[in-house]
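Engineer: Structure file my_file_14.cif, mmCIF, C-alpha atoms, is pasted below:
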```
data_model
#
loop_
_atom_site.label_atom_id
_atom_site.label_comp_id
_atom_site.auth_asym_id
_atom_site.auth_seq_id
_atom_site.Cartn_x
_atom_site.Cartn_y
_atom_site.Cartn_z
CA MET A 1 82.76 47.60 79.00
CA SER A 2 80.68 50.81 79.03
CA SER A 3 80.32 53.09 76.02
CA THR A 4 82.48 55.70 77.79
CA GLN A 5 85.23 53.15 78.39
CA ARG A 6 85.02 52.04 74.75
CA ARG A 7 85.42 55.63 73.54
CA GLU A 8 88.39 56.20 75.85
CA ALA A 9 90.00 53.02 74.55
CA GLY A 10 89.48 54.13 70.96
CA MET A 11 86.95 51.40 70.28
CA PRO A 12 83.76 52.05 68.30
CA THR A 13 80.60 52.57 70.33
CA VAL A 14 78.00 49.86 69.92
CA ARG A 15 74.64 51.37 69.06
CA ARG A 16 71.58 49.71 70.53
CA PRO A 17 69.01 48.50 67.97
CA ALA A 18 66.26 50.73 69.43
CA THR A 19 68.49 53.81 69.13
CA ALA A 20 69.46 52.92 65.57
CA LYS A 21 65.81 52.49 64.60
CA ARG A 22 64.86 55.80 66.21
CA ASP A 23 67.67 57.50 64.27
CA LEU A 24 66.29 55.94 61.07
CA VAL A 25 62.84 57.36 61.79
CA ARG A 26 64.30 60.75 62.72
CA ARG A 27 66.30 60.99 59.50
CA HIS A 28 63.20 60.03 57.51
CA LEU A 29 61.13 62.72 59.22
CA VAL A 30 63.85 65.36 58.82
CA ASP A 31 63.90 64.61 55.08
CA ILE A 32 60.15 65.18 54.99
CA ILE A 33 60.48 68.42 56.95
CA GLU A 34 63.18 69.73 54.60
CA SER A 35 61.26 68.89 51.43
CA ALA A 36 57.74 69.78 52.55
CA GLY A 37 56.40 73.24 53.16
CA PRO A 38 55.47 74.70 56.55
CA GLY A 39 52.34 73.20 58.10
CA THR A 40 52.46 69.95 56.10
CA GLY A 41 50.69 67.04 57.77
CA LEU A 42 52.58 63.81 58.49
CA ALA A 43 51.33 60.28 58.08
CA SER A 44 49.99 58.65 61.23
CA GLU A 45 52.35 56.90 63.63
CA ARG A 46 50.82 53.60 62.57
CA ASP A 47 51.45 54.23 58.87
CA LEU A 48 55.00 55.46 59.52
CA ALA A 49 55.73 52.38 61.60
CA LEU A 50 54.51 50.10 58.80
CA GLU A 51 56.41 52.04 56.15
CA LEU A 52 59.72 51.98 58.03
CA GLY A 53 59.38 48.56 59.62
CA VAL A 54 59.65 49.77 63.21
CA SER A 55 57.37 49.83 66.23
CA ARG A 56 54.93 52.64 66.98
CA PRO A 57 56.73 53.53 70.24
CA THR A 58 59.92 54.04 68.20
CA VAL A 59 58.09 56.38 65.83
CA ARG A 60 56.50 58.20 68.75
CA ALA A 61 59.88 58.72 70.44
CA ALA A 62 61.40 60.21 67.26
CA VAL A 63 58.38 62.47 66.73
CA GLU A 64 58.54 63.71 70.33
CA GLU A 65 62.22 64.62 69.89
CA LEU A 66 61.42 66.68 66.79
CA ILE A 67 58.46 68.36 68.50
CA HIS A 68 60.71 69.29 71.41
CA SER A 69 63.25 70.78 68.99
CA GLY A 70 60.55 72.83 67.26
CA LEU A 71 60.65 71.08 63.88
CA LEU A 72 57.22 69.46 64.31
CA VAL A 73 54.01 70.50 66.05
CA ARG A 74 51.13 68.35 67.29
CA ARG A 75 47.58 69.61 66.99
CA HIS A 76 45.03 67.87 69.15
CA GLY A 77 42.50 65.98 67.08
CA GLN A 78 44.29 66.78 63.82
CA GLY A 79 47.68 65.07 63.85
CA THR A 80 51.33 66.08 63.56
CA PHE A 81 52.56 68.77 61.17
CA THR A 82 55.79 70.38 60.09
CA SER A 83 56.26 73.66 61.93
CA PRO A 84 54.40 76.58 60.34
CA HIS A 85 56.09 79.58 58.81
CA LYS A 86 57.88 81.72 61.39
CA VAL A 87 57.03 85.39 61.72
CA THR A 88 60.21 87.39 61.25
CA GLN A 89 60.93 90.56 63.21
CA GLU A 90 63.90 92.64 62.08
CA LEU A 91 65.72 94.72 64.67
CA ALA A 92 67.50 97.76 63.31
CA GLY A 93 69.54 100.47 64.97
CA THR A 94 67.22 103.31 63.99
CA THR A 95 64.13 103.76 61.86
CA THR A 96 62.35 106.67 60.25
CA ASN A 97 59.64 106.73 62.92
CA GLY A 98 62.14 106.81 65.76
CA MET A 99 61.54 103.25 66.94
CA ALA A 100 64.10 100.46 66.75
CA VAL A 101 61.50 97.85 65.84
CA PRO A 102 60.29 97.80 62.22
CA PRO A 103 56.89 96.18 61.65
CA ALA A 104 56.90 92.39 61.85
CA GLU A 105 55.35 90.17 59.20
CA GLY A 106 51.64 89.42 59.14
CA HIS A 107 48.48 91.18 60.29
CA TRP A 108 48.75 91.85 64.03
CA THR A 109 45.73 92.26 66.30
CA SER A 110 45.22 91.80 70.05
CA ARG A 111 42.83 90.11 72.44
CA ILE A 112 42.63 91.85 75.81
CA VAL A 113 42.95 89.49 78.77
CA SER A 114 42.90 92.13 81.52
CA PHE A 115 42.78 95.92 81.73
CA ARG A 116 42.91 97.59 85.14
CA THR A 117 44.26 100.57 87.05
CA THR A 118 46.10 100.10 90.35
CA GLN A 119 48.68 101.90 92.44
CA ALA A 120 52.22 101.57 91.18
CA GLY A 121 53.65 100.17 94.40
CA PRO A 122 57.28 100.57 95.52
CA THR A 123 58.96 98.27 92.99
CA ARG A 124 57.16 99.42 89.87
CA ALA A 125 57.22 103.05 90.99
CA GLN A 126 60.99 102.96 90.98
CA ARG A 127 61.13 101.59 87.45
CA LEU A 128 58.45 103.99 86.21
CA GLU A 129 60.07 106.90 88.07
CA MET A 130 56.87 107.89 89.83
CA ALA A 131 55.41 107.90 93.35
CA PRO A 132 54.27 104.51 94.74
CA ASP A 133 50.68 105.74 95.26
CA GLU A 134 50.28 107.05 91.71
CA PRO A 135 47.97 105.05 89.40
CA VAL A 136 49.26 102.72 86.70
CA ARG A 137 47.39 101.18 83.78
CA ARG A 138 48.13 97.45 83.71
CA VAL A 139 47.24 95.57 80.54
CA THR A 140 47.64 91.95 79.53
CA ARG A 141 46.87 91.07 75.95
CA VAL A 142 47.44 88.17 73.58
CA ARG A 143 49.04 89.33 70.34
CA LEU A 144 47.63 87.56 67.28
CA VAL A 145 49.14 87.24 63.82
CA ASP A 146 46.55 86.38 61.18
CA ASP A 147 44.23 85.36 64.06
CA GLU A 148 46.74 82.91 65.60
CA PRO A 149 48.22 83.52 69.08
CA MET A 150 51.83 84.68 68.76
CA ALA A 151 52.71 86.41 72.02
CA ILE A 152 51.52 87.46 75.47
CA GLU A 153 52.21 91.08 76.31
CA HIS A 154 52.05 92.76 79.72
CA LEU A 155 52.04 96.58 79.62
CA GLU A 156 52.37 99.03 82.50
CA LEU A 157 51.81 102.72 81.78
CA PRO A 158 51.58 105.79 84.03
CA ALA A 159 47.83 106.44 84.09
CA ALA A 160 48.31 110.21 84.18
CA LEU A 161 49.92 110.07 80.74
CA VAL A 162 47.08 108.07 79.14
CA PRO A 163 43.94 109.14 81.06
CA THR A 164 41.43 108.17 78.37
CA LEU A 165 43.06 104.93 77.24
CA THR A 166 40.57 102.05 76.91
CA ALA A 167 40.92 98.32 76.35
CA ALA A 168 39.44 98.69 72.86
CA ASP A 169 42.27 101.08 71.93
CA LEU A 170 44.75 98.22 72.33
CA GLU A 171 43.01 95.69 70.10
CA GLN A 172 44.03 97.19 66.76
CA GLY A 173 46.64 99.47 65.28
CA ASN A 174 50.10 100.63 66.29
CA PHE A 175 50.41 101.40 70.00
CA TYR A 176 53.16 104.01 69.63
CA GLN A 177 51.20 105.77 66.91
CA LEU A 178 48.25 105.88 69.32
CA LEU A 179 50.45 107.45 72.00
CA ARG A 180 51.64 110.08 69.56
CA GLU A 181 48.32 110.99 67.98
CA ARG A 182 46.03 110.97 71.02
CA PHE A 183 48.31 111.72 73.96
CA ASP A 184 51.11 113.66 72.26
CA ILE A 185 53.67 111.17 73.61
CA ARG A 186 56.56 110.75 71.21
CA VAL A 187 58.70 107.77 72.10
CA ARG A 188 62.44 108.29 71.71
CA ASP A 189 64.28 105.14 72.78
CA ALA A 190 63.94 101.91 74.68
CA LEU A 191 66.14 99.55 76.64
CA GLN A 192 65.23 96.02 75.64
CA THR A 193 66.46 92.61 76.77
CA LEU A 194 65.74 89.21 75.25
CA GLU A 195 66.21 85.77 76.76
CA PRO A 196 64.81 82.26 76.19
CA THR A 197 62.47 80.62 78.66
CA VAL A 198 59.53 78.18 78.69
CA THR A 199 55.80 78.54 79.24
CA ASN A 200 53.98 77.99 82.50
CA PRO A 201 50.45 76.48 82.42
CA GLU A 202 48.68 79.87 82.18
CA GLN A 203 50.92 81.07 79.34
CA ALA A 204 50.59 77.76 77.52
CA GLU A 205 46.79 78.03 77.57
CA LEU A 206 46.81 81.59 76.23
CA LEU A 207 49.24 80.71 73.42
CA GLY A 208 47.70 77.34 72.57
CA VAL A 209 50.94 75.43 73.13
CA SER A 210 52.12 72.77 75.56
CA VAL A 211 53.47 73.56 79.02
CA TYR A 212 57.24 74.13 78.96
CA ALA A 213 57.12 75.06 75.28
CA PRO A 214 59.98 77.42 74.30
CA VAL A 215 59.24 81.14 74.29
CA LEU A 216 61.32 84.27 73.92
CA ARG A 217 60.92 86.71 76.82
CA VAL A 218 61.33 90.36 75.83
CA GLU A 219 61.45 93.09 78.48
CA ARG A 220 61.39 96.76 77.45
CA THR A 221 61.54 100.13 79.17
CA THR A 222 60.50 102.94 76.83
CA ARG A 223 61.12 106.68 77.22
CA ASP A 224 59.69 109.62 75.33
CA VAL A 225 61.44 112.71 73.98
CA LEU A 226 61.05 114.40 77.38
CA GLY A 227 62.95 111.59 79.07
CA ARG A 228 59.90 110.19 80.87
CA VAL A 229 59.39 106.45 81.28
CA VAL A 230 56.14 105.88 79.40
CA GLU A 231 56.03 102.08 79.22
CA LEU A 232 57.22 98.93 80.92
CA ALA A 233 56.56 95.91 78.75
CA GLN A 234 57.16 92.21 79.22
CA SER A 235 56.30 89.91 76.32
CA PHE A 236 56.52 86.18 75.69
CA TYR A 237 56.81 85.20 72.01
CA ARG A 238 56.29 81.65 70.77
CA GLY A 239 59.64 80.02 70.07
CA ASP A 240 58.18 77.82 67.33
CA ARG A 241 56.64 80.70 65.38
CA TYR A 242 58.71 83.82 65.99
CA ARG A 243 62.27 84.78 65.15
CA ILE A 244 64.32 87.95 65.29
CA THR A 245 66.90 88.99 62.71
CA SER A 246 69.48 91.76 62.99
CA LYS A 247 71.44 93.61 60.34
CA LEU A 248 74.98 94.41 61.42
CA ARG A 249 77.24 97.07 59.89
CA PHE A 250 81.00 97.11 60.38
CA ASP A 251 83.44 99.92 59.76
CA ASP A 252 86.98 99.59 58.49
CA ALA A 253 88.36 99.47 62.03
CA SER A 254 86.42 96.32 62.87
CA GLY A 255 88.49 93.21 62.96
#
```
As a first step, turn the structure in this file into structure tokens.
Structural biologist:
Amino acid sequence: MSSTQRREAGMPTVRRPATAKRDLVRRHLVDIIESAGPGTGLASERDLALELGVSRPTVRAAVEELIHSGLLVRRHGQGTFTSPHKVTQELAGTTTNGMAVPPAEGHWTSRIVSFRTTQAGPTRAQRLEMAPDEPVRRVTRVRLVDDEPMAIEHLELPAALVPTLTAADLEQGNFYQLLRERFDIRVRDALQTLEPTVTNPEQAELLGVSVYAPVLRVERTTRDVLGRVVELAQSFYRGDRYRITSKLRFDDASG
């Protein structure tokens, strides 16, 4: 009788020994994760197998499950560690500087991957509300937090609005502050969408993670106080290191 038939008949499901042993290892590792701090190194698979009286393939299978779920990370040549502290980004309705994204934790810098100027083209021209033959600054940069890759960001900006923008300008500091102080562009609002996805090989290499690792894709269209589209942005944030929190406010009519 299959496990499905046993459940339908109200009979207990028989657990295979290998599954039971993997569950034992998983529970042991989860206990370590909960009690240890972020970035704590685990014992080797060999030592864990000896300690728990199971085979190394059983330990490896349990570790892989927890890596896939984001609770553990494997560093080549170093071993397996509990996931490091996640950078928290709070999203609020409004802020004093007019942007709906307060500063995230940590010291943020950028490494420029590409910086070029090309024609907008029909598709991007429509989104940027400009002519297809007008020039667009296209930037790809890796966003670093305390010198560790956190996100990949693709920016597209009407070149006429930022004629003297250089790659070096985008390595440090606040981008919207740069727009305001140098180009007199005051951002007003942005339409932003977020959805989960996974890395392709190129993204995985830039972020220092495995292929198909979870990432959060953020797409944003930003307008200034004159109603102009000043930025199209697409970013990919590491799912194991980045999280977003929101503060909600309800009135008396909510229910």
Engineer: Between CA of Thr19 in chain A and CA of Val54 in chain A, what is the spacing in Å?
Structural biologist: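 Going from CA of Val54 in chain A over to CA of Thr19 in chain A covers 11.4 Å.
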Engineer: Written as a PDB file with C-alpha atoms, in the frame of the given file, which residues does the PyMOL selection byres ((chain A and resi 221-227) around 8) give for the file shown?
Structural biologist:
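The result, stored in expr-v9.pdb:
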```pdb
ATOM      1  CA  ILE A 185      53.670 111.170  73.610  1.00  0.00           C
ATOM      2  CA  ARG A 186      56.560 110.750  71.210  1.00  0.00           C
ATOM      3  CA  VAL A 187      58.700 107.770  72.100  1.00  0.00           C
ATOM      4  CA  ARG A 188      62.440 108.290  71.710  1.00  0.00           C
ATOM      5  CA  ASP A 189      64.280 105.140  72.780  1.00  0.00           C
ATOM      6  CA  ALA A 190      63.940 101.910  74.680  1.00  0.00           C
ATOM      7  CA  LEU A 191      66.140  99.550  76.640  1.00  0.00           C
ATOM      8  CA  GLN A 192      65.230  96.020  75.640  1.00  0.00           C
ATOM      9  CA  GLU A 219      61.450  93.090  78.480  1.00  0.00           C
ATOM     10  CA  ARG A 220      61.390  96.760  77.450  1.00  0.00           C
ATOM     11  CA  ARG A 228      59.900 110.190  80.870  1.00  0.00           C
ATOM     12  CA  VAL A 229      59.390 106.450  81.280  1.00  0.00           C
ATOM     13  CA  VAL A 230      56.140 105.880  79.400  1.00  0.00           C
ATOM     14  CA  GLU A 231      56.030 102.080  79.220  1.00  0.00           C
ATOM     15  CA  LEU A 232      57.220  98.930  80.920  1.00  0.00           C
ATOM     16  CA  ALA A 233      56.560  95.910  78.750  1.00  0.00           C
TER      17      ALA A 233
END
```
Engineer: How many Å separate CA of Ser210 in chain A from CA of Glu156 in chain A?
Structural biologist: 27.2 Å
Engineer: Which protein, DNA or RNA residues are at most 12 Å from (49.6, 64.0, 67.7) in the file's coordinates when you count all atoms listed in the file, listed as JSON, numbers by chain?
Structural biologist: {"A": [41, 42, 43, 44, 45, 46, 59, 60, 61, 63, 64, 67, 72, 73, 74, 75, 76, 77, 78, 79, 80, 81, 82]}
Engineer: List every protein, DNA or RNA residue that has at least one atom no more than 8 Å from (57.5, 92.6, 75.5) in the file's coordinates, counting all atoms listed in the file, and write the result as a PyMOL selection string.
Structural biologist: chain A and resi 152-155+217-220+233-236
